[in-house]
>>> print(open('my_file-v9.pdb').read())   # PDB, C-alpha atoms, pLDDT in the B column
ATOM      1  CA  MET D 108       4.144  23.702   5.735  1.00 67.00           C
ATOM      2  CA  ILE D 109       5.175  21.947   2.512  1.00 80.00           C
ATOM      3  CA  ALA D 110       3.805  18.388   2.615  1.00 85.00           C
ATOM      4  CA  LYS D 111       4.205  17.251  -0.995  1.00 90.00           C
ATOM      5  CA  LEU D 112       5.827  18.375  -4.235  1.00 93.00           C
ATOM      6  CA  THR D 113       4.835  17.413  -7.780  1.00 95.00           C
ATOM      7  CA  GLY D 114       6.939  18.599 -10.673  1.00 95.00           C
ATOM      8  CA  LYS D 115       9.744  17.633 -13.042  1.00 96.00           C
ATOM      9  CA  LEU D 116      13.116  16.299 -12.021  1.00 96.00           C
ATOM     10  CA  ASP D 117      15.657  18.982 -12.887  1.00 96.00           C
ATOM     11  CA  SER D 118      18.806  17.269 -11.595  1.00 95.00           C
ATOM     12  CA  THR D 119      20.167  14.907  -8.939  1.00 94.00           C
ATOM     13  CA  SER D 120      23.394  14.754  -6.960  1.00 92.00           C
ATOM     14  CA  ALA D 121      24.682  12.755  -4.008  1.00 88.00           C
ATOM     15  CA  GLY D 122      21.957  12.975  -1.374  1.00 92.00           C
ATOM     16  CA  SER D 123      19.693  15.510  -3.059  1.00 95.00           C
ATOM     17  CA  ALA D 124      17.662  16.493  -6.092  1.00 96.00           C
ATOM     18  CA  ILE D 125      16.204  19.648  -7.579  1.00 97.00           C
ATOM     19  CA  ILE D 126      12.524  19.448  -8.497  1.00 96.00           C
ATOM     20  CA  ASP D 127      11.090  22.085 -10.809  1.00 96.00           C
ATOM     21  CA  VAL D 128       7.583  23.040  -9.729  1.00 95.00           C
ATOM     22  CA  GLY D 129       6.099  25.700 -11.978  1.00 94.00           C
ATOM     23  CA  GLY D 130       9.493  27.220 -12.706  1.00 94.00           C
ATOM     24  CA  VAL D 131      10.668  27.169  -9.086  1.00 95.00           C
ATOM     25  CA  GLY D 132      13.474  24.734  -8.278  1.00 96.00           C
ATOM     26  CA  TYR D 133      13.161  23.059  -4.868  1.00 96.00           C
ATOM     27  CA  LEU D 134      16.322  21.497  -3.406  1.00 96.00           C
ATOM     28  CA  VAL D 135      15.209  18.267  -1.759  1.00 96.00           C
ATOM     29  CA  GLU D 136      17.423  16.012   0.350  1.00 95.00           C
ATOM     30  CA  ALA D 137      16.505  12.342   0.082  1.00 95.00           C
ATOM     31  CA  SER D 138      17.593   8.765   0.691  1.00 94.00           C
ATOM     32  CA  ALA D 139      19.384   6.886  -2.070  1.00 93.00           C
ATOM     33  CA  ARG D 140      16.264   4.747  -2.604  1.00 90.00           C
ATOM     34  CA  THR D 141      14.039   7.792  -3.120  1.00 93.00           C
ATOM     35  CA  LEU D 142      16.561   9.342  -5.507  1.00 94.00           C
ATOM     36  CA  ASP D 143      16.702   6.126  -7.517  1.00 92.00           C
ATOM     37  CA  ALA D 144      12.903   6.040  -7.686  1.00 91.00           C
ATOM     38  CA  MET D 145      12.742   9.544  -9.163  1.00 92.00           C
ATOM     39  CA  GLY D 146      13.910   8.370 -12.561  1.00 89.00           C
ATOM     40  CA  ALA D 147      15.706  10.489 -15.156  1.00 92.00           C
ATOM     41  CA  LYS D 148      16.010  14.216 -15.699  1.00 93.00           C
ATOM     42  CA  GLY D 149      12.753  15.648 -17.038  1.00 94.00           C
ATOM     43  CA  ASP D 150      10.580  12.888 -15.567  1.00 94.00           C
ATOM     44  CA  ASP D 151       7.448  13.801 -13.631  1.00 95.00           C
ATOM     45  CA  VAL D 152       8.000  13.183  -9.928  1.00 94.00           C
ATOM     46  CA  THR D 153       6.007  13.412  -6.726  1.00 94.00           C
ATOM     47  CA  VAL D 154       7.642  13.359  -3.299  1.00 94.00           C
ATOM     48  CA  HIS D 155       6.223  13.579   0.199  1.00 93.00           C
ATOM     49  CA  THR D 156       8.193  16.138   2.159  1.00 93.00           C
ATOM     50  CA  GLU D 157       9.340  17.120   5.604  1.00 91.00           C
ATOM     51  CA  LEU D 158      10.372  20.726   6.239  1.00 89.00           C
ATOM     52  CA  LEU D 159      13.061  21.222   8.880  1.00 88.00           C
ATOM     53  CA  VAL D 160      13.469  24.754  10.195  1.00 85.00           C
ATOM     54  CA  GLY D 161      16.119  26.020  12.588  1.00 81.00           C
ATOM     55  CA  GLU D 162      17.492  29.374  13.671  1.00 80.00           C
ATOM     56  CA  ASP D 163      19.901  29.505  10.744  1.00 81.00           C
ATOM     57  CA  PHE D 164      18.679  26.891   8.283  1.00 81.00           C
ATOM     58  CA  MET D 165      15.718  25.571   6.343  1.00 89.00           C
ATOM     59  CA  ARG D 166      15.922  22.095   4.777  1.00 91.00           C
ATOM     60  CA  LEU D 167      13.395  20.200   2.708  1.00 94.00           C
ATOM     61  CA  LEU D 168      13.502  16.407   2.782  1.00 95.00           C
ATOM     62  CA  GLY D 169      11.779  14.273   0.164  1.00 95.00           C
ATOM     63  CA  PHE D 170      10.406  10.732   0.387  1.00 95.00           C
ATOM     64  CA  SER D 171       9.051   8.479  -2.335  1.00 91.00           C
ATOM     65  CA  ARG D 172       6.235   7.304  -0.075  1.00 89.00           C
ATOM     66  CA  ALA D 173       4.432   8.727   2.939  1.00 88.00           C
ATOM     67  CA  GLU D 174       5.430   5.562   4.817  1.00 87.00           C
ATOM     68  CA  GLU D 175       9.107   6.379   4.325  1.00 91.00           C
ATOM     69  CA  ARG D 176       8.501   9.819   5.808  1.00 91.00           C
ATOM     70  CA  ASP D 177       6.753   8.243   8.797  1.00 88.00           C
ATOM     71  CA  TRP D 178       9.743   5.969   9.367  1.00 91.00           C
ATOM     72  CA  PHE D 179      12.072   8.963   9.138  1.00 92.00           C
ATOM     73  CA  ARG D 180      10.078  10.700  11.848  1.00 89.00           C
ATOM     74  CA  LEU D 181      10.166   7.608  14.026  1.00 89.00           C
ATOM     75  CA  LEU D 182      13.907   7.075  13.604  1.00 93.00           C
ATOM     76  CA  THR D 183      14.743  10.648  14.563  1.00 91.00           C
ATOM     77  CA  VAL D 184      13.030  10.127  17.900  1.00 87.00           C
ATOM     78  CA  VAL D 185      16.102   8.143  18.995  1.00 91.00           C
ATOM     79  CA  GLN D 186      18.918  10.134  20.571  1.00 90.00           C
ATOM     80  CA  GLY D 187      21.891  10.223  18.238  1.00 91.00           C
ATOM     81  CA  VAL D 188      19.808   9.742  15.101  1.00 93.00           C
ATOM     82  CA  GLY D 189      19.758  12.963  13.141  1.00 92.00           C
ATOM     83  CA  THR D 190      18.688  13.662   9.601  1.00 93.00           C
ATOM     84  CA  LYS D 191      21.866  12.265   8.035  1.00 94.00           C
ATOM     85  CA  VAL D 192      21.765   8.990   9.955  1.00 95.00           C
ATOM     86  CA  ALA D 193      18.026   8.475   9.411  1.00 95.00           C
ATOM     87  CA  LEU D 194      18.415   8.955   5.647  1.00 95.00           C
ATOM     88  CA  ALA D 195      21.410   6.593   5.671  1.00 95.00           C
ATOM     89  CA  ILE D 196      19.296   3.894   7.322  1.00 95.00           C
ATOM     90  CA  LEU D 197      16.482   4.423   4.819  1.00 95.00           C
ATOM     91  CA  SER D 198      19.065   4.231   2.037  1.00 94.00           C
ATOM     92  CA  ALA D 199      20.527   0.949   3.293  1.00 93.00           C
ATOM     93  CA  LEU D 200      17.301  -0.893   4.127  1.00 92.00           C
ATOM     94  CA  GLU D 201      13.924  -1.394   2.504  1.00 89.00           C
ATOM     95  CA  LEU D 202      11.103  -0.443   4.857  1.00 87.00           C
ATOM     96  CA  ASP D 203      10.024  -4.036   5.411  1.00 85.00           C
ATOM     97  CA  GLU D 204      13.672  -4.991   6.110  1.00 88.00           C
ATOM     98  CA  LEU D 205      13.900  -2.204   8.676  1.00 90.00           C
ATOM     99  CA  GLN D 206      10.691  -3.323  10.328  1.00 86.00           C
ATOM    100  CA  ARG D 207      11.862  -6.936  10.535  1.00 86.00           C
ATOM    101  CA  ALA D 208      15.231  -5.890  11.918  1.00 88.00           C
ATOM    102  CA  LEU D 209      13.591  -3.906  14.709  1.00 88.00           C
ATOM    103  CA  ALA D 210      11.042  -6.614  15.478  1.00 83.00           C
ATOM    104  CA  ASN D 211      13.802  -9.235  15.731  1.00 85.00           C
ATOM    105  CA  GLY D 212      16.295  -7.016  17.533  1.00 87.00           C
ATOM    106  CA  ASP D 213      18.714  -7.476  14.624  1.00 90.00           C
ATOM    107  CA  HIS D 214      20.986  -4.527  15.344  1.00 90.00           C
ATOM    108  CA  ALA D 215      23.646  -5.914  12.981  1.00 92.00           C
ATOM    109  CA  MET D 216      21.294  -5.248  10.067  1.00 92.00           C
ATOM    110  CA  ILE D 217      20.698  -1.677  11.269  1.00 94.00           C
ATOM    111  CA  ALA D 218      24.477  -1.200  11.539  1.00 94.00           C
ATOM    112  CA  ARG D 219      24.781  -1.800   7.776  1.00 91.00           C
ATOM    113  CA  ALA D 220      23.869   1.860   7.284  1.00 94.00           C
ATOM    114  CA  ASN D 221      26.697   4.372   6.936  1.00 92.00           C
ATOM    115  CA  GLY D 222      27.396   6.200  10.176  1.00 91.00           C
ATOM    116  CA  VAL D 223      25.572   3.704  12.397  1.00 94.00           C
ATOM    117  CA  GLY D 224      27.847   1.950  14.866  1.00 94.00           C
ATOM    118  CA  PRO D 225      26.969  -1.118  16.973  1.00 93.00           C
ATOM    119  CA  LYS D 226      26.001   0.909  20.059  1.00 95.00           C
ATOM    120  CA  LEU D 227      23.690   3.237  18.148  1.00 96.00           C
ATOM    121  CA  ALA D 228      22.175   0.309  16.243  1.00 94.00           C
ATOM    122  CA  GLN D 229      21.472  -1.433  19.545  1.00 94.00           C
ATOM    123  CA  ARG D 230      19.844   1.719  20.955  1.00 94.00           C
ATOM    124  CA  ILE D 231      17.655   2.072  17.867  1.00 94.00           C
ATOM    125  CA  CYS D 232      16.487  -1.533  18.223  1.00 91.00           C
ATOM    126  CA  ASN D 233      15.818  -1.185  21.944  1.00 90.00           C
ATOM    127  CA  GLU D 234      13.876   2.076  21.676  1.00 89.00           C
ATOM    128  CA  LEU D 235      11.885   1.365  18.533  1.00 89.00           C
ATOM    129  CA  LYS D 236      11.117  -2.354  18.792  1.00 82.00           C
ATOM    130  CA  ASP D 237       7.626  -1.814  20.201  1.00 77.00           C
ATOM    131  CA  LYS D 238       6.866   1.440  18.373  1.00 74.00           C
ATOM    132  CA  ALA D 239       7.878   0.047  14.996  1.00 69.00           C
ATOM    133  CA  ALA D 240       5.222  -2.642  15.270  1.00 62.00           C
ATOM    134  CA  GLY D 241       2.662   0.143  14.910  1.00 62.00           C
ATOM    135  CA  LEU D 242       3.981   0.904  11.435  1.00 61.00           C
ATOM    136  CA  GLY D 243       3.077  -2.559  10.188  1.00 46.00           C
ATOM    137  CA  GLY D 244       1.466  -3.177   6.831  1.00 38.00           C
ATOM    138  CA  ILE D 245       4.236  -1.585   4.790  1.00 41.00           C
ATOM    139  CA  SER D 246       4.257  -4.601   2.499  1.00 40.00           C
ATOM    140  CA  GLY D 247       0.550  -5.144   2.955  1.00 35.00           C
ATOM    141  CA  THR D 248       0.887  -7.488   5.924  1.00 34.00           C
ATOM    142  CA  GLY D 249       1.139  -5.973   9.359  1.00 36.00           C
ATOM    143  CA  PRO D 250       2.143  -8.036  12.379  1.00 33.00           C
ATOM    144  CA  ALA D 251      -0.672 -10.095  13.857  1.00 30.00           C
ATOM    145  CA  GLY D 252      -2.135  -8.374  16.871  1.00 31.00           C
ATOM    146  CA  GLY D 253      -0.067  -5.248  16.262  1.00 32.00           C
ATOM    147  CA  VAL D 254      -1.288  -1.711  15.947  1.00 28.00           C
ATOM    148  CA  GLY D 255      -1.057  -1.951  12.194  1.00 34.00           C
ATOM    149  CA  GLY D 256      -4.782  -1.865  11.627  1.00 35.00           C
ATOM    150  CA  LYS D 257      -5.713  -0.011   8.469  1.00 35.00           C
ATOM    151  CA  THR D 258      -8.430   2.517   7.961  1.00 33.00           C
ATOM    152  CA  LYS D 259     -11.055   2.063   5.275  1.00 31.00           C
ATOM    153  CA  GLY D 260      -8.966   4.228   2.985  1.00 34.00           C
ATOM    154  CA  GLY D 261      -6.120   1.713   3.271  1.00 34.00           C
ATOM    155  CA  ASN D 262      -3.737   3.990   5.199  1.00 39.00           C
ATOM    156  CA  ASN D 263      -2.034   2.862   8.345  1.00 59.00           C
ATOM    157  CA  ALA D 264      -3.823   4.404  11.326  1.00 73.00           C
ATOM    158  CA  PHE D 265      -0.705   4.620  13.479  1.00 75.00           C
ATOM    159  CA  ALA D 266       1.342   6.326  10.767  1.00 73.00           C
ATOM    160  CA  ASP D 267      -1.504   8.694   9.899  1.00 76.00           C
ATOM    161  CA  ALA D 268      -1.891   9.607  13.574  1.00 79.00           C
ATOM    162  CA  LEU D 269       1.829  10.417  13.759  1.00 78.00           C
ATOM    163  CA  SER D 270       1.458  12.651  10.708  1.00 76.00           C
ATOM    164  CA  ALA D 271      -1.612  14.335  12.188  1.00 78.00           C
ATOM    165  CA  LEU D 272       0.165  15.253  15.426  1.00 76.00           C
ATOM    166  CA  ALA D 273       3.248  16.407  13.534  1.00 75.00           C
ATOM    167  CA  SER D 274       1.096  18.725  11.418  1.00 71.00           C
ATOM    168  CA  LEU D 275      -0.301  20.180  14.650  1.00 75.00           C
ATOM    169  CA  GLY D 276       3.181  21.168  15.746  1.00 74.00           C
ATOM    170  CA  PHE D 277       4.161  18.292  18.016  1.00 76.00           C
ATOM    171  CA  LYS D 278       7.800  17.217  17.950  1.00 72.00           C
ATOM    172  CA  PRO D 279       8.464  13.694  16.582  1.00 69.00           C
ATOM    173  CA  ALA D 280       9.312  12.325  20.044  1.00 69.00           C
ATOM    174  CA  GLU D 281       6.162  13.794  21.589  1.00 75.00           C
ATOM    175  CA  ALA D 282       3.960  12.546  18.768  1.00 76.00           C
ATOM    176  CA  SER D 283       5.453   9.048  18.803  1.00 75.00           C
ATOM    177  CA  THR D 284       5.079   8.659  22.577  1.00 79.00           C
ATOM    178  CA  ALA D 285       1.498   9.941  22.621  1.00 82.00           C
ATOM    179  CA  VAL D 286       0.361   7.794  19.697  1.00 81.00           C
ATOM    180  CA  SER D 287       2.079   4.710  21.126  1.00 79.00           C
ATOM    181  CA  LEU D 288       0.296   5.156  24.468  1.00 83.00           C
ATOM    182  CA  ALA D 289      -3.023   5.688  22.714  1.00 83.00           C
ATOM    183  CA  ALA D 290      -2.497   2.632  20.526  1.00 82.00           C
ATOM    184  CA  GLU D 291      -1.697   0.433  23.519  1.00 80.00           C
ATOM    185  CA  GLU D 292      -4.885   1.555  25.237  1.00 83.00           C
ATOM    186  CA  LEU D 293      -7.215   1.302  22.231  1.00 84.00           C
ATOM    187  CA  GLY D 294      -5.873  -1.899  20.684  1.00 77.00           C
ATOM    188  CA  ALA D 295      -5.271  -3.038  17.125  1.00 70.00           C
ATOM    189  CA  ASP D 296      -8.740  -2.124  15.824  1.00 75.00           C
ATOM    190  CA  ALA D 297      -8.486   1.554  16.748  1.00 78.00           C
ATOM    191  CA  THR D 298      -9.707   3.971  14.103  1.00 82.00           C
ATOM    192  CA  LEU D 299      -7.600   6.926  13.068  1.00 82.00           C
ATOM    193  CA  ASP D 300     -10.048   9.400  14.621  1.00 83.00           C
ATOM    194  CA  ALA D 301     -10.035   7.605  17.987  1.00 85.00           C
ATOM    195  CA  LEU D 302      -6.256   7.255  17.907  1.00 84.00           C
ATOM    196  CA  VAL D 303      -5.684  10.948  17.234  1.00 86.00           C
ATOM    197  CA  ARG D 304      -8.194  12.078  19.871  1.00 86.00           C
ATOM    198  CA  LEU D 305      -6.662   9.934  22.599  1.00 89.00           C
ATOM    199  CA  ALA D 306      -3.108  10.760  21.531  1.00 86.00           C
ATOM    200  CA  LEU D 307      -3.902  14.479  21.877  1.00 87.00           C
ATOM    201  CA  LYS D 308      -5.154  13.852  25.404  1.00 84.00           C
ATOM    202  CA  LYS D 309      -2.014  11.881  26.238  1.00 81.00           C
ATOM    203  CA  ALA D 310       0.211  14.606  24.829  1.00 81.00           C
ATOM    204  CA  ALA D 311      -1.583  17.261  26.856  1.00 75.00           C
ATOM    205  CA  LYS D 312      -0.840  15.541  30.179  1.00 64.00           C
TER     206      LYS D 312
END
>>> encode(input="my_file-v9.pdb", output="structure tokens")
Amino acid sequence: MIAKLTGKLDSTSAGSAIIDVGGVGYLVEASARTLDAMGAKGDDVTVHTELLVGEDFMRLLGFSRAEERDWFRLLTVVQGVGTKVALAILSALELDELQRALANGDHAMIARANGVGPKLAQRICNELKDKAAGLGGISGTGPAGGVGGKTKGGNNAFADALSALASLGFKPAEASTAVSLAAEELGADATLDALVRLALKKAAK
């Protein structure tokens, strides 16, 4: 599984970029914000990636930060939110704006993204309001009492647990549900190790 790419920016187009890694050009789909952050042609770039594989396709998505990738995974848990819509939301909103919108049930802000109608925006808010609280700390300040506790290394335990389960082959919906249940049971001070262990038990039931 490709988790990260570091190379030189070869070119960009609407919705994607080509990154040259040792002479091999990787086509990476990305949000407008990630594409803007890549800089100019020839610049050194590093992107966190998500590899999507189907019966007749293979797509590589790139994110400027691991947190953006975690939000992508969380968004695609919602029915009706595919890759295109999730990237549109991440293009329209900063991560802290997205978190605030979900916490406040502000579906009008979510609907600012291309391809997101009022009904889908409402569903996203309803389904992710509680789960999104676990991805606190994006701007360095997680919600008080939330599951945004950070590990000693400074990474968000909830987000890291999601990534850990995804790397073990769990689907985004399965991983999100299991980690959310584990987080509720363990509380805000849960360590990453404890969160992953309990989430695996929850997922196995």
>>> resolve_selection(input="my_file-v9.pdb", expression="the PyMOL selection byres ((chain D and resi 235) around 12)", output="count of residues only")
38
>>> residues_around(input="my_file-v9.pdb", residues="Glu157 (chain D)", least_positions_apart="5", cutoff="12 Å", atoms="only C-alpha atoms", output="list in words")
Met108, Ile109, Ala110, Lys111, Leu112, Val135, Glu136, Ala137, Met165, Arg166, Leu167, Leu168, Gly169, Phe170, Ser171, Arg172, Ala173, Glu175, Arg176, Asp177, Trp178, Phe179, Arg180, Thr190, Ser270, Ala273, Ser274 and Pro279 of chain D
>>> atom_distance(input="my_file-v9.pdb", atom1="CA of Ala139 (chain D)", atom2="CA of Ala121 (chain D)")
8.1 Å
>>> resolve_selection(input="my_file-v9.pdb", expression="the PyMOL selection byres ((chain D and resi 286) around 8)", output="list in words")
Phe265, Ala268, Leu269, Ala282, Ser283, Thr284, Ala285, Ser287, Leu288, Ala289, Ala290, Leu302, Val303, Leu305 and Ala306 of chain D
>>> residues_around(input="my_file-v9.pdb", residues="Ser138 (chain D)", least_positions_apart="5", cutoff="7 Å", atoms="all atoms listed in the file", output="list in words")
Gly122, Leu194, Ala195, Leu197 and Ser198 of chain D
>>> atom_distance(input="my_file-v9.pdb", atom1="CA of Gly149 (chain D)", atom2="CA of Ser118 (chain D)")
8.3 Å
>>> closest_residue(input="my_file-v9.pdb", among="D:Glu174, D:Asp150, D:Gly276, D:Gly161", to="Leu202 (chain D)", atoms="all atoms listed in the file")
D:Glu174
>>> atom_distance(input="my_file-v9.pdb", atom1="CA of Gly129 (chain D)", atom2="CA of Ala147 (chain D)")
18.3 Å
>>> resolve_selection(input="my_file-v9.pdb", expression="the PyMOL selection byres ((chain D and resi 153) around 7)", output="count of residues only")
6
>>> axis_aligned_box(input="my_file-v9.pdb", around="region 198-205 of chain D", padding_each_side="3 Å", output="AutoDock Vina command-line options")
--center_x 15.3 --center_y -0.4 --center_z 5.4 --size_x 16.5 --size_y 15.2 --size_z 12.6
>>> closest_residue(input="my_file-v9.pdb", among="D:Ala310, D:Gly146, D:Thr141, D:Asp151", to="Ala199 (chain D)", atoms="only C-alpha atoms")
D:Thr141
>>> residues_around(input="my_file-v9.pdb", residues="Gly132 (chain D)", least_positions_apart="2", cutoff="10 Å", atoms="only C-alpha atoms", output="PyMOL selection string")
chain D and resi 114-118+124-130+134-135
>>> closest_residue(input="my_file-v9.pdb", among="D:Leu159, D:Ala297, D:Val188, D:Ala144", to="Lys278 (chain D)", atoms="only C-alpha atoms")
D:Leu159
